Amino acid sequence: MSDFIFYRLYIMYMKKEGGAIFTSILYLSVIHLLFIYCFVVGSRIISADENLGITKIDDKYDLYGKVGAIIIITLISILNYLKYRNKERRDKIEKRFKDHRLTKTIKPWMILVFGLILFLFPVYFSPFIGLFQ
């Protein structure tokens with residue numbers, strides 16, 4: 001699925017600007033991070049455990065969570081860059097999805113909205129689990 005999302009973003013950004021590879025990889029990395037975060041929030045909702053067995057984190061340790069998120073997004077971005085930097089790989093992905101039925105069904109704006117939904121999911125459900133209190 002990541003290959004398809006990369007392909008749609010790459011084609012969209014290639015038509016609009018010059019840095020299509022970097023922008024597509026960065027947005028794909030953000031979608032990966034948001035998916036992981038939504039999984040954690042969903043697990044907390046389903047399990048009805050506010051901390052998932054983790055002791056309450058003090059405010060002074062909140063910095064570690066932010067640094068951890070930066071480290072995770074950096075690692076995901078590096079892995080995605082290593083995966084999609086190769087021109088032959090991009091050509092293979094483009095050939096694979098050029099006439100695919102999903103290409104006609106899923107428009108690029110839908111992928112952008114998907115990222116927005118992944119971003120808003122934890123914000124919407126945060127009052128139920130006390131996430132931002």
# chains A, B, ... in the order shown; residues from 1 in each chain; ligands from 1

$ residues_around --residues "Leu33 (chain A)" --least-positions-apart "4" --cutoff "12 Å" --atoms "only C-alpha atoms" --output "list of chain:residue names"
A:Leu26, A:Tyr27, A:Leu28, A:Ser29, A:Tyr37, A:Cys38, A:Phe39, A:Val40, A:Gly68, A:Ala69, A:Ile70, A:Ile71, A:Ile72, A:Ile73, A:Thr74, A:Leu75, A:Ile76, A:Ser77, A:Gly115, A:Leu118, A:Phe119

$ closest_residue --among "A:Ile106, A:Ile21, A:Phe4, A:Tyr124" --to "Lys87 (chain A)" --atoms "only C-alpha atoms"
A:Ile21

$ atom_distance --atom1 "CA of Tyr81 (chain A)" --atom2 "CA of Leu120 (chain A)"
26.1 Å

$ atom_distance --atom1 "CA of Pro108 (chain A)" --atom2 "CA of Ser24 (chain A)"
11.5 Å
